[in-house]
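As provided, structure35.tsv (TSV, C-alpha atoms) reads as follows.
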chain	number	residue	atom	x	y	z
A	364	MET	CA	156.51	101.05	149.42
A	365	SER	CA	157.41	98.12	151.61
A	366	SER	CA	158.53	99.48	154.92
A	367	HIS	CA	159.13	95.94	156.22
A	368	SER	CA	162.49	95.81	154.49
A	369	ASN	CA	163.53	99.23	155.80
A	370	HIS	CA	165.89	98.50	158.68
A	371	ASN	CA	166.05	102.15	159.75
A	372	VAL	CA	162.44	102.06	161.03
A	373	ASP	CA	162.12	101.53	164.79
A	374	ILE	CA	159.08	99.23	164.98
A	375	HIS	CA	158.48	100.18	168.64
A	376	ASP	CA	158.68	103.99	168.16
A	377	GLU	CA	155.50	105.65	169.49
A	378	GLU	CA	156.46	109.09	168.19
A	379	ASN	CA	156.79	107.96	164.57
A	380	TYR	CA	153.79	105.66	164.46
A	381	ASP	CA	153.57	103.59	161.26
A	382	PRO	CA	150.56	101.23	161.45
A	383	THR	CA	152.07	98.81	158.92
A	384	VAL	CA	155.01	97.92	161.16
A	385	TRP	CA	154.41	99.34	164.65
A	386	VAL	CA	154.18	96.84	167.52
A	387	PRO	CA	154.42	97.56	171.24
A	388	LYS	CA	157.40	96.17	173.16
A	389	VAL	CA	156.41	92.92	174.89
A	390	GLU	CA	157.86	91.11	177.83
A	391	SER	CA	157.26	87.63	179.16
A	392	HIS	CA	155.15	87.30	182.32
A	393	GLY	CA	156.59	83.85	183.01
A	394	THR	CA	154.98	80.43	182.73
A	395	LYS	CA	153.95	79.93	186.35
A	396	SER	CA	150.54	81.65	186.03
A	397	LEU	CA	149.87	79.76	182.76
A	398	TRP	CA	150.24	76.35	184.40
A	399	SER	CA	148.22	77.45	187.43
A	400	ARG	CA	145.39	78.43	185.04
A	401	PHE	CA	145.62	75.00	183.42
A	402	TRP	CA	145.12	73.28	186.79
A	403	ILE	CA	142.19	75.63	187.57
A	404	LEU	CA	140.52	74.85	184.21
A	405	LEU	CA	141.10	71.12	184.72
A	406	GLY	CA	139.59	71.36	188.21
A	407	LEU	CA	136.53	73.24	186.93
A	408	THR	CA	135.97	70.62	184.19
A	409	ILE	CA	136.23	67.78	186.73
A	410	ALA	CA	133.79	69.67	189.01
A	411	ASP	CA	131.38	69.83	186.02
A	412	VAL	CA	131.58	66.05	185.53
A	413	VAL	CA	131.14	65.36	189.26
A	414	ALA	CA	128.13	67.72	189.41
A	415	TYR	CA	126.64	66.02	186.35
A	416	PHE	CA	126.61	62.62	188.05
A	417	ALA	CA	125.93	63.74	191.63
A	418	TRP	CA	123.21	66.35	191.03
A	419	PRO	CA	119.80	65.51	189.48
A	420	PRO	CA	118.89	67.57	186.37
A	421	GLY	CA	117.12	70.86	186.98
A	422	ILE	CA	117.30	74.60	186.68
A	423	GLU	CA	119.75	74.97	189.62
A	424	ARG	CA	122.20	72.56	188.01
A	425	ASN	CA	121.92	74.40	184.66
A	426	VAL	CA	122.65	77.74	186.36
A	427	PHE	CA	125.68	76.11	188.03
A	428	PHE	CA	126.98	74.83	184.65
A	429	ILE	CA	126.55	78.25	182.99
A	430	LEU	CA	128.36	79.99	185.87
A	431	MET	CA	131.19	77.44	185.57
A	432	GLY	CA	131.35	78.21	181.81
A	433	VAL	CA	131.62	81.96	182.52
A	434	LEU	CA	134.34	81.29	185.12
A	435	LYS	CA	136.33	79.19	182.59
A	436	ALA	CA	135.89	81.97	179.99
A	437	TRP	CA	137.23	84.46	182.55
A	438	TYR	CA	140.49	82.50	182.96
A	439	ILE	CA	140.89	81.76	179.22
A	440	VAL	CA	140.32	85.39	178.13
A	441	GLY	CA	142.18	86.94	181.07
A	442	THR	CA	145.36	84.87	181.13
A	443	PHE	CA	145.59	82.84	177.91
A	444	MET	CA	144.41	85.70	175.68
A	445	HIS	CA	146.41	88.25	177.75
A	446	MET	CA	143.39	90.49	178.32
A	447	LYS	CA	144.49	91.33	181.87
A	448	TYR	CA	147.71	92.86	180.48
A	449	GLU	CA	145.87	94.98	177.84
A	450	LYS	CA	144.42	98.48	178.30
A	451	LYS	CA	141.02	98.48	180.03
A	452	SER	CA	139.38	100.27	177.07
A	453	LEU	CA	140.18	97.31	174.79
A	454	GLY	CA	138.75	94.90	177.36
A	455	TYR	CA	135.47	96.85	177.62
A	456	MET	CA	135.17	97.00	173.81
A	457	ILE	CA	135.31	93.19	173.57
A	458	ILE	CA	133.60	92.04	176.78
A	459	LEU	CA	130.59	94.42	177.12
A	460	PRO	CA	128.83	93.26	173.90
A	461	MET	CA	129.23	89.64	175.00
A	462	ILE	CA	127.62	90.37	178.40
A	463	LEU	CA	124.56	91.76	176.55
A	464	ILE	CA	124.36	88.53	174.50
A	465	ILE	CA	123.71	86.57	177.74
A	466	PHE	CA	120.40	88.45	178.20
A	467	PHE	CA	119.42	87.64	174.60
A	468	LEU	CA	120.16	83.96	175.23
A	469	ILE	CA	117.96	83.89	178.35
A	470	TRP	CA	115.10	85.76	176.60
A	471	MET	CA	115.14	83.34	173.67
A	472	MET	CA	115.04	80.32	176.01
A	473	TYR	CA	111.86	81.79	177.56
A	474	GLU	CA	110.52	82.48	174.07
A	475	GLY	CA	111.21	78.86	173.03
A	476	ASN	CA	109.40	77.63	176.10
A	477	PHE	CA	106.40	79.73	175.03
A	478	TRP	CA	106.35	78.05	171.56
A	479	ASN	CA	106.16	74.76	173.45
A	480	SER	CA	102.72	75.75	174.80
A	481	PHE	CA	101.35	75.98	171.21
A	482	LYS	CA	102.20	72.39	170.30
B	1157	MET	CA	162.11	116.51	171.61
B	1158	SER	CA	160.83	114.91	174.78
B	1159	THR	CA	159.32	117.97	176.44
B	1160	GLN	CA	155.76	116.61	176.34
B	1161	THR	CA	154.42	115.05	179.53
B	1162	ILE	CA	151.46	113.15	178.03
B	1163	SER	CA	152.24	109.88	176.27
B	1164	LYS	CA	151.16	110.08	172.66
B	1165	SER	CA	149.46	106.70	172.97
B	1166	SER	CA	146.91	108.05	175.48
B	1167	ILE	CA	145.19	110.44	173.04
B	1168	TRP	CA	142.59	109.67	170.39
B	1169	ARG	CA	143.36	111.85	167.40
B	1170	GLY	CA	145.05	109.47	165.01
B	1171	GLY	CA	148.69	108.81	164.40
B	1172	ASN	CA	149.00	106.47	167.36
B	1173	SER	CA	147.40	103.39	168.90
B	1174	PRO	CA	145.25	104.39	171.92
B	1175	PHE	CA	144.78	100.70	172.78
B	1176	LYS	CA	148.59	100.28	172.61
B	1177	VAL	CA	148.22	97.21	170.39
B	1178	SER	CA	149.32	96.76	166.80
B	1179	TYR	CA	146.86	97.13	163.94
B	1180	GLY	CA	146.91	93.38	163.23
B	1181	LYS	CA	146.18	92.39	166.82
B	1182	LEU	CA	143.35	94.94	167.14
B	1183	MET	CA	141.77	93.57	163.96
B	1184	MET	CA	142.12	90.00	165.29
B	1185	TRP	CA	140.18	91.05	168.41
B	1186	VAL	CA	137.48	92.73	166.27
B	1187	PHE	CA	137.23	89.60	164.11
B	1188	LEU	CA	136.93	87.40	167.20
B	1189	LEU	CA	134.13	89.60	168.54
B	1190	SER	CA	132.20	89.23	165.26
B	1191	ASP	CA	132.87	85.47	165.26
B	1192	ALA	CA	131.61	85.33	168.86
B	1193	PHE	CA	128.36	86.92	167.61
B	1194	THR	CA	128.05	84.18	164.98
B	1195	PHE	CA	128.49	81.42	167.57
B	1196	SER	CA	126.14	83.27	169.94
B	1197	SER	CA	123.43	83.26	167.27
B	1198	LEU	CA	123.87	79.49	166.89
B	1199	LEU	CA	123.68	78.96	170.66
B	1200	VAL	CA	120.67	81.32	170.97
B	1201	ALA	CA	118.92	79.27	168.25
B	1202	TYR	CA	119.82	76.11	170.18
B	1203	GLY	CA	118.41	77.55	173.44
B	1204	ALA	CA	115.15	78.63	171.80
B	1205	ILE	CA	114.55	75.37	169.88
B	1206	ARG	CA	115.68	73.12	172.76
B	1207	TYR	CA	113.18	74.71	175.19
B	1208	SER	CA	110.38	74.53	172.61
B	1209	TYR	CA	110.40	70.78	173.45
B	1210	PRO	CA	109.81	69.25	176.88
B	1211	SER	CA	112.86	67.65	178.52
B	1212	THR	CA	113.14	63.90	179.00
B	1213	GLU	CA	111.38	63.17	182.29
B	1214	LEU	CA	113.73	62.27	185.12
B	1215	ALA	CA	111.41	59.38	186.05
B	1216	GLN	CA	111.83	57.95	182.52
B	1217	ILE	CA	115.61	57.96	182.82
B	1218	GLU	CA	115.47	56.47	186.31
B	1219	SER	CA	113.09	53.73	185.16
B	1220	LEU	CA	115.84	52.48	182.80
B	1221	GLU	CA	118.03	51.85	185.87
B	1222	LEU	CA	121.15	52.55	183.84
B	1223	SER	CA	124.30	52.83	185.88
B	1224	PHE	CA	127.76	54.00	184.93
B	1225	ALA	CA	129.83	51.53	182.82
B	1226	GLU	CA	126.95	49.08	182.43
B	1227	ASN	CA	126.65	46.86	179.37
B	1228	VAL	CA	123.67	48.50	177.67
B	1229	GLN	CA	123.78	46.31	174.54
B	1230	GLU	CA	123.07	43.14	176.52
B	1231	LYS	CA	120.55	44.84	178.77
B	1232	PHE	CA	118.41	46.09	175.87
B	1233	ALA	CA	118.75	43.17	173.43
B	1234	ALA	CA	115.60	41.22	172.60
B	1235	PRO	CA	115.66	37.55	173.72
B	1236	GLY	CA	117.58	35.34	171.27
B	1237	VAL	CA	119.40	38.27	169.62
B	1238	ASP	CA	123.19	38.45	169.77
B	1239	ALA	CA	123.75	41.63	171.78
B	1240	HIS	CA	127.21	42.17	170.32
B	1241	HIS	CA	125.90	42.79	166.82
B	1242	GLY	CA	123.79	45.77	165.91
B	1243	GLU	CA	122.38	48.55	168.04
B	1244	HIS	CA	119.62	47.48	170.43
B	1245	PHE	CA	119.63	50.48	172.68
B	1246	ILE	CA	117.83	52.94	170.36
B	1247	PRO	CA	114.93	50.67	169.19
B	1248	ALA	CA	114.34	49.52	172.78
B	1249	LEU	CA	114.16	53.11	174.05
B	1250	ARG	CA	111.90	54.09	171.14
B	1251	ASP	CA	109.53	51.29	172.20
B	1252	LEU	CA	109.57	52.63	175.76
B	1253	ASP	CA	108.67	56.16	174.47
B	1254	VAL	CA	111.89	57.61	175.89
B	1255	PHE	CA	113.12	58.55	172.41
B	1256	THR	CA	110.14	60.19	170.68
B	1257	GLU	CA	109.76	63.18	168.36
B	1258	LEU	CA	107.79	64.88	171.14
B	1259	GLN	CA	110.56	65.37	173.71
B	1260	TRP	CA	114.18	66.50	173.69
B	1261	PRO	CA	116.53	63.53	174.29
B	1262	SER	CA	118.72	63.65	177.39
B	1263	PRO	CA	122.37	64.00	176.24
B	1264	ASP	CA	123.11	61.36	178.87
B	1265	LEU	CA	121.40	58.76	176.67
B	1266	VAL	CA	122.74	60.00	173.31
B	1267	PHE	CA	126.45	60.66	173.85
B	1268	ASN	CA	127.33	57.70	176.07
B	1269	HIS	CA	130.05	56.00	173.99
B	1270	PHE	CA	133.77	55.66	174.61
B	1271	PRO	CA	136.39	54.12	172.25
B	1272	PHE	CA	137.09	50.40	172.86
B	1273	ALA	CA	134.20	50.24	175.36
B	1274	HIS	CA	131.55	48.99	172.96
B	1275	GLY	CA	128.06	48.71	174.40
B	1276	LEU	CA	128.99	50.35	177.70
B	1277	HIS	CA	127.02	53.26	179.14
B	1278	LEU	CA	129.66	55.97	179.73
B	1279	PRO	CA	127.98	59.38	179.41
B	1280	LEU	CA	130.05	62.59	179.31
B	1281	ILE	CA	133.45	60.87	179.67
B	1282	PHE	CA	134.51	61.16	176.01
B	1283	VAL	CA	133.59	64.86	175.65
B	1284	SER	CA	135.39	65.59	178.93
B	1285	LEU	CA	138.49	64.01	177.38
B	1286	MET	CA	138.01	66.21	174.28
B	1287	THR	CA	137.75	69.27	176.56
B	1288	LEU	CA	140.97	68.25	178.31
B	1289	ILE	CA	142.78	67.87	174.94
B	1290	LEU	CA	141.65	71.33	173.81
B	1291	ILE	CA	142.59	73.01	177.12
B	1292	LEU	CA	146.03	71.33	176.99
B	1293	SER	CA	146.57	72.54	173.41
B	1294	SER	CA	145.61	76.04	174.60
B	1295	VAL	CA	148.32	75.81	177.26
B	1296	THR	CA	150.98	74.71	174.73
B	1297	MET	CA	149.86	77.59	172.47
B	1298	VAL	CA	150.25	80.18	175.22
B	1299	LEU	CA	153.67	78.68	176.06
B	1300	ALA	CA	154.64	79.20	172.38
B	1301	VAL	CA	153.52	82.85	172.69
B	1302	GLU	CA	155.58	83.22	175.89
B	1303	ALA	CA	158.64	81.70	174.16
B	1304	GLY	CA	158.13	84.19	171.32
B	1305	GLN	CA	158.13	87.08	173.80
B	1306	ARG	CA	161.58	85.90	174.91
B	1307	GLY	CA	162.66	85.48	171.25
B	1308	ASP	CA	163.34	81.77	171.80
B	1309	LYS	CA	162.85	80.37	168.27
B	1310	LYS	CA	163.49	76.75	169.20
B	1311	ALA	CA	160.97	76.74	172.07
B	1312	VAL	CA	158.36	78.36	169.79
B	1313	SER	CA	158.83	75.44	167.35
B	1314	THR	CA	158.44	72.81	170.06
B	1315	TRP	CA	155.28	74.30	171.61
B	1316	MET	CA	153.70	75.05	168.19
B	1317	LEU	CA	154.25	71.44	167.11
B	1318	LEU	CA	152.56	70.18	170.31
B	1319	THR	CA	149.65	72.58	169.68
B	1320	ILE	CA	149.22	71.23	166.14
B	1321	ILE	CA	149.21	67.64	167.46
B	1322	GLY	CA	146.59	68.62	170.05
B	1323	GLY	CA	144.44	70.15	167.29
B	1324	PHE	CA	144.59	66.96	165.21
B	1325	MET	CA	143.75	64.86	168.28
B	1326	PHE	CA	140.66	66.98	168.93
B	1327	LEU	CA	139.58	66.73	165.26
B	1328	GLY	CA	140.04	62.94	165.43
B	1329	CYS	CA	137.83	62.76	168.52
B	1330	GLN	CA	135.18	64.87	166.82
B	1331	ALA	CA	135.26	62.61	163.73
B	1332	TRP	CA	134.72	59.60	166.03
B	1333	GLU	CA	131.81	61.35	167.77
B	1334	TRP	CA	130.19	62.22	164.43
B	1335	THR	CA	130.71	58.65	163.13
B	1336	ASN	CA	128.84	57.25	166.15
B	1337	PHE	CA	125.97	59.68	165.70
B	1338	ILE	CA	125.74	59.11	161.92
B	1339	THR	CA	125.92	55.29	162.10
B	1340	ALA	CA	123.07	55.42	164.63
B	1341	GLY	CA	121.00	56.94	161.79
B	1342	ALA	CA	121.26	60.69	162.40
B	1343	THR	CA	121.29	63.11	159.46
B	1344	PRO	CA	120.59	66.89	159.39
B	1345	ASN	CA	116.88	66.09	158.99
B	1346	ALA	CA	116.49	62.73	160.74
B	1347	ASN	CA	117.26	61.69	164.28
B	1348	PRO	CA	116.55	58.27	165.85
B	1349	TYR	CA	116.94	59.76	169.36
B	1350	GLY	CA	114.15	62.32	169.05
B	1351	PRO	CA	113.32	65.58	167.25
B	1352	PRO	CA	115.26	66.06	163.96
B	1353	ALA	CA	116.16	69.59	165.17
B	1354	PHE	CA	118.45	67.99	167.76
B	1355	ALA	CA	120.58	66.39	165.03
B	1356	ALA	CA	120.45	69.50	162.82
B	1357	LEU	CA	121.70	71.69	165.68
B	1358	PHE	CA	124.33	69.14	166.69
B	1359	PHE	CA	125.75	68.95	163.16
B	1360	GLY	CA	125.44	72.71	162.67
B	1361	VAL	CA	127.10	73.86	165.89
B	1362	THR	CA	129.79	71.18	166.34
B	1363	GLY	CA	130.43	71.26	162.57
B	1364	PHE	CA	130.93	75.02	162.61
B	1365	HIS	CA	133.19	74.69	165.65
B	1366	GLY	CA	135.11	71.78	164.09
B	1367	PHE	CA	135.68	73.83	160.95
B	1368	HIS	CA	137.13	76.59	163.15
B	1369	VAL	CA	139.45	74.05	164.79
B	1370	PHE	CA	140.52	72.84	161.34
B	1371	SER	CA	141.23	76.43	160.17
B	1372	GLY	CA	143.15	76.99	163.42
B	1373	VAL	CA	145.32	73.92	162.79
B	1374	VAL	CA	146.06	75.18	159.24
B	1375	LEU	CA	147.04	78.62	160.62
B	1376	ASN	CA	149.18	76.96	163.31
B	1377	ILE	CA	151.02	74.92	160.64
B	1378	ILE	CA	151.69	78.12	158.62
B	1379	ILE	CA	153.10	79.82	161.74
B	1380	TYR	CA	155.17	76.72	162.58
B	1381	VAL	CA	156.73	76.65	159.08
B	1382	ASN	CA	157.32	80.43	159.07
B	1383	ASN	CA	159.07	80.16	162.42
B	1384	LEU	CA	161.30	77.32	161.15
B	1385	MET	CA	162.26	79.50	158.15
B	1386	GLY	CA	163.22	82.31	160.54
B	1387	THR	CA	160.58	84.79	159.32
B	1388	TYR	CA	159.86	86.14	162.81
B	1389	GLU	CA	163.51	86.18	163.85
B	1390	LYS	CA	164.22	88.47	160.87
B	1391	ARG	CA	161.16	90.61	161.61
B	1392	GLY	CA	162.35	91.20	165.16
B	1393	HIS	CA	159.17	90.14	166.95
B	1394	TYR	CA	156.91	87.07	167.26
B	1395	GLU	CA	153.56	88.88	167.37
B	1396	MET	CA	152.16	86.66	164.60
B	1397	VAL	CA	152.34	83.72	167.05
B	1398	GLU	CA	150.31	85.77	169.54
B	1399	LYS	CA	147.68	86.77	166.95
B	1400	VAL	CA	147.10	83.19	165.79
B	1401	GLY	CA	147.22	82.19	169.46
B	1402	LEU	CA	144.27	84.53	170.13
B	1403	TYR	CA	142.28	82.68	167.46
B	1404	TRP	CA	143.25	79.29	168.92
B	1405	HIS	CA	142.18	80.30	172.44
B	1406	PHE	CA	138.90	81.60	171.02
B	1407	VAL	CA	138.23	78.14	169.54
B	1408	ASP	CA	138.86	76.66	173.02
B	1409	LEU	CA	136.53	79.27	174.53
B	1410	VAL	CA	133.71	78.38	172.12
B	1411	TRP	CA	134.16	74.69	172.97
B	1412	VAL	CA	133.64	75.51	176.68
B	1413	PHE	CA	130.14	76.79	175.79
B	1414	VAL	CA	129.36	74.03	173.26
B	1415	PHE	CA	130.29	71.54	176.00
B	1416	THR	CA	128.06	73.36	178.50
B	1417	PHE	CA	124.99	73.69	176.26
B	1418	PHE	CA	125.07	70.42	174.30
B	1419	TYR	CA	126.38	67.94	176.83
B	1420	LEU	CA	125.81	69.29	180.34
B	1421	ILE	CA	122.43	71.03	180.11

Will you turn the file into structure tokens for me?
Amino acid sequence: MSSHSNHNVDIHDEENYDPTVWVPKVESHGTKSLWSRFWILLGLTIADVVAYFAWPPGIERNVFFILMGVLKAWYIVGTFMHMKYEKKSLGYMIILPMILIIFFLIWMMYEGNFWNSFK
Amino acid sequence: MSTQTISKSSIWRGGNSPFKVSYGKLMMWVFLLSDAFTFSSLLVAYGAIRYSYPSTELAQIESLELSFAENVQEKFAAPGVDAHHGEHFIPALRDLDVFTELQWPSPDLVFNHFPFAHGLHLPLIFVSLMTLILILSSVTMVLAVEAGQRGDKKAVSTWMLLTIIGGFMFLGCQAWEWTNFITAGATPNANPYGPPAFAALFFGVTGFHGFHVFSGVVLNIIIYVNNLMGTYEKRGHYEMVEKVGLYWHFVDLVWVFVFTFFYLI
């Protein structure tokens, strides 16, 4: 039953696909891009803090912060979570539903603002 | 045997992986998508409830004339009261109608503490430090994954250990943040800074995120011990490090948006 202990199985074999053990062959893409993403994320966070103190509160500042959040998410999902090395179909499956959530978030903020007018 | 020209992995009729990922990794991605929906529902609730209250007026904040790293305890103490004992900031701002149940408190005036800087007005600095810790632990995690791709068992151990330490540091910071908020008098249905919903959402969202960080640290420890025992060396691949790494990066990703919505906006 346990195919894990069977040493004759080639775990990378695409022709004899066994979902309990099959894994694709992986190779390292090096550490250089990982550290460059760290410096980018650090820079974006510092830019957030600077904007917070230098820019008076308002809708423009909030839009800026949300765009910075999306940009940080782009680097985390793309490089740290290896999405840029995966097949595009997997990326669409994960990312498209999340893009639709952004509309829901904006609609519910407007809805909340409407409740405010009843108080 | 190899007469076919189309790779078997490019067709969708079973018996292969069209995404060219293992079953476990695909299921981790599906789980993360469903978990992202859960966090989205919490943030959507936050957005709706937060904008059902008016924001703190900019003129009100400016009238306090608070500047960065100022001693707020002394500034807001009543005459004859020792400013170094007890919290004077909240009652004073309640008297001035800055903290009322009718308007959403500015995060600037709520989360303005920093360890060993008692009574100083230091908004945003502590959460920025927490963000830095979590981003750094994400980098050490991805370095562990990279070491696993090279089959370097010793490097996987080193980077996993650093990731676990980073996770505990973040949890410690969050415990400190919660302690400040609770000792000020906040509970899930009471909030000295303004509407009780603010405290309920704060405890709900950061608590749910903190529980995810805690689960991530537990998973990281399991992976660390497995790696020391040579489980992945025997298996021939280190994909388990990558799968748990996906979860850990997701926790970092959620924090980016908690940071944006709770502290910046």

Pick from A:Trp418, A:Trp478, A:Trp402, A:Tyr448, whichever lies nearest to chain B using all atoms listed in the file: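 Among the listed residues, A:Trp478 lies closest to chain B.
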
Sorted per-residue table, chain A near chain B, closest atoms and distance, 8 Å, all atoms listed in the file, as a tab-separated table:
residue	atom	partner	partner_atom	distance
A:His367	CA	B:Arg1391	CA	7.8
A:Glu377	CA	B:Asn1172	CA	6.9
A:Glu378	CA	B:Lys1164	CA	7.0
A:Tyr380	CA	B:Asn1172	CA	5.7
A:Asp381	CA	B:Gly1171	CA	7.8
A:Pro382	CA	B:Tyr1179	CA	6.1
A:Thr383	CA	B:Tyr1179	CA	7.4
A:Trp385	CA	B:Ser1178	CA	6.1
A:Val386	CA	B:Ser1178	CA	4.9
A:Pro387	CA	B:Val1177	CA	6.3
A:Val389	CA	B:Gln1305	CA	6.2
A:Glu390	CA	B:Gln1305	CA	5.7
A:Ser391	CA	B:Gln1305	CA	5.5
A:His392	CA	B:Glu1302	CA	7.6
A:Gly393	CA	B:Glu1302	CA	7.2
A:Thr394	CA	B:Leu1299	CA	7.0
A:Leu397	CA	B:Val1295	CA	6.9
A:Trp398	CA	B:Val1295	CA	7.4
A:Phe401	CA	B:Val1295	CA	6.8
A:Leu404	CA	B:Ile1291	CA	7.6
A:Leu405	CA	B:Leu1288	CA	7.0
A:Thr408	CA	B:Ser1284	CA	7.3
A:Asp411	CA	B:Leu1420	CA	8.0
A:Val412	CA	B:Leu1280	CA	7.3
A:Tyr415	CA	B:Leu1420	CA	6.9
A:Pro420	CA	B:Leu1214	CA	7.5
A:Asn425	CA	B:Ile1421	CA	5.7
A:Phe428	CA	B:Thr1416	CA	6.4
A:Ile429	CA	B:Thr1416	CA	6.8
A:Gly432	CA	B:Val1412	CA	6.2
A:Lys435	CA	B:Val1412	CA	7.5
A:Ala436	CA	B:Leu1409	CA	6.1
A:Ile439	CA	B:Leu1409	CA	6.9
A:Val440	CA	B:His1405	CA	7.9
A:Phe443	CA	B:Val1298	CA	6.0
A:Met444	CA	B:Leu1402	CA	5.7
A:Glu449	CA	B:Phe1175	CA	7.7
A:Lys450	CA	B:Phe1175	CA	6.0
A:Ser452	CA	B:Phe1175	CA	6.9
A:Leu453	CA	B:Phe1175	CA	6.1
A:Ile457	CA	B:Leu1189	CA	6.3
A:Met461	CA	B:Ala1192	CA	7.9
A:Ile464	CA	B:Ser1196	CA	7.2
A:Phe467	CA	B:Val1200	CA	7.4
A:Leu468	CA	B:Val1200	CA	5.0
A:Met471	CA	B:Ala1204	CA	5.1
A:Met472	CA	B:Ala1204	CA	4.5
A:Tyr473	CA	B:Ala1204	CA	7.3
A:Glu474	CA	B:Ala1204	CA	6.4
A:Gly475	CA	B:Ala1204	CA	4.1
A:Asn476	CA	B:Ser1208	CA	4.8
A:Phe477	CA	B:Ser1208	CA	7.0
A:Trp478	CA	B:Ser1208	CA	5.5
A:Asn479	CA	B:Ser1208	CA	4.3

Please give the centre and size of the box around segment 1223-1231 of chain B (axis-aligned, containing every atom listed in the file, 6 Å added per side), with values in Å to one decimal and written as lines of an AutoDock Vina configuration file.
center_x = 125.2
center_y = 48.6
center_z = 180.2
size_x = 21.3
size_y = 22.9
size_z = 23.3

Between atom CA of Ser1293 of chain B and atom CA of Leu1318 of chain B - distance in Å to one decimal: 7.1 Å

Residue nearest Lys1309 of chain B among B:Asp1253, B:Glu1230, B:Glu1389, B:Glu1333 (counting all atoms listed in the file):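 Looking only at the distances to Lys1309 of chain B, the closest residue turns out to be B:Glu1389.
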
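Rounded to one decimal, atom CA of Ile1377 of chain B and atom CA of Trp437 of chain A lie 27.6 Å from each other.
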
Atom pair atom CA of Ser399 of chain A / atom CA of Tyr438 of chain A: separation (Å):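 One can read the atom CA of Ser399 of chain A to atom CA of Tyr438 of chain A distance as 10.3 Å.
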
Selection near Thr1343 of chain B, 9 Å with all atoms listed in the file, sequence-local residues under 6 positions removed, as a list in words: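 Within the cut-off, the hits are Phe1337, Pro1352, Ala1355, Ala1356 and Phe1359 of chain B.
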
10 Å contact set for Asn1382 of chain B, only C-alpha atoms, chain neighbours under 6 positions out, as JSON, numbers by chain: {"B": [1313, 1376, 1388, 1389, 1396, 1397]}

Those same residues, written as a compact mmCIF listing (two decimals), in the frame of the given file with C-alpha atoms?
# COMPACT_ATOMS: atom_id res chain seq x y z
CA SER B 1313 158.83 75.44 167.35
CA ASN B 1376 149.18 76.96 163.31
CA TYR B 1388 159.86 86.14 162.81
CA GLU B 1389 163.51 86.18 163.85
CA MET B 1396 152.16 86.66 164.60
CA VAL B 1397 152.34 83.72 167.05

Here's a test: counting all atoms listed in the file, identify every protein, DNA and RNA residue with an atom at most 12 Å from (138.0, 63.8, 168.4) in the file's coordinate frame, and state them as a short mmCIF file (atom, residue, chain, number, x, y, z; two decimals) with C-alpha atoms, in the frame of the given file.
data_model
loop_
_atom_site.label_atom_id
_atom_site.label_comp_id
_atom_site.auth_asym_id
_atom_site.auth_seq_id
_atom_site.Cartn_x
_atom_site.Cartn_y
_atom_site.Cartn_z
CA PHE B 1270 133.77 55.66 174.61
CA PRO B 1271 136.39 54.12 172.25
CA PHE B 1282 134.51 61.16 176.01
CA VAL B 1283 133.59 64.86 175.65
CA SER B 1284 135.39 65.59 178.93
CA LEU B 1285 138.49 64.01 177.38
CA MET B 1286 138.01 66.21 174.28
CA THR B 1287 137.75 69.27 176.56
CA LEU B 1288 140.97 68.25 178.31
CA ILE B 1289 142.78 67.87 174.94
CA LEU B 1290 141.65 71.33 173.81
CA ILE B 1321 149.21 67.64 167.46
CA GLY B 1322 146.59 68.62 170.05
CA GLY B 1323 144.44 70.15 167.29
CA PHE B 1324 144.59 66.96 165.21
CA MET B 1325 143.75 64.86 168.28
CA PHE B 1326 140.66 66.98 168.93
CA LEU B 1327 139.58 66.73 165.26
CA GLY B 1328 140.04 62.94 165.43
CA CYS B 1329 137.83 62.76 168.52
CA GLN B 1330 135.18 64.87 166.82
CA ALA B 1331 135.26 62.61 163.73
CA TRP B 1332 134.72 59.60 166.03
CA GLU B 1333 131.81 61.35 167.77
CA TRP B 1334 130.19 62.22 164.43
CA THR B 1335 130.71 58.65 163.13
CA ASN B 1336 128.84 57.25 166.15
CA THR B 1362 129.79 71.18 166.34
CA GLY B 1366 135.11 71.78 164.09
CA VAL B 1369 139.45 74.05 164.79
CA PHE B 1370 140.52 72.84 161.34
#
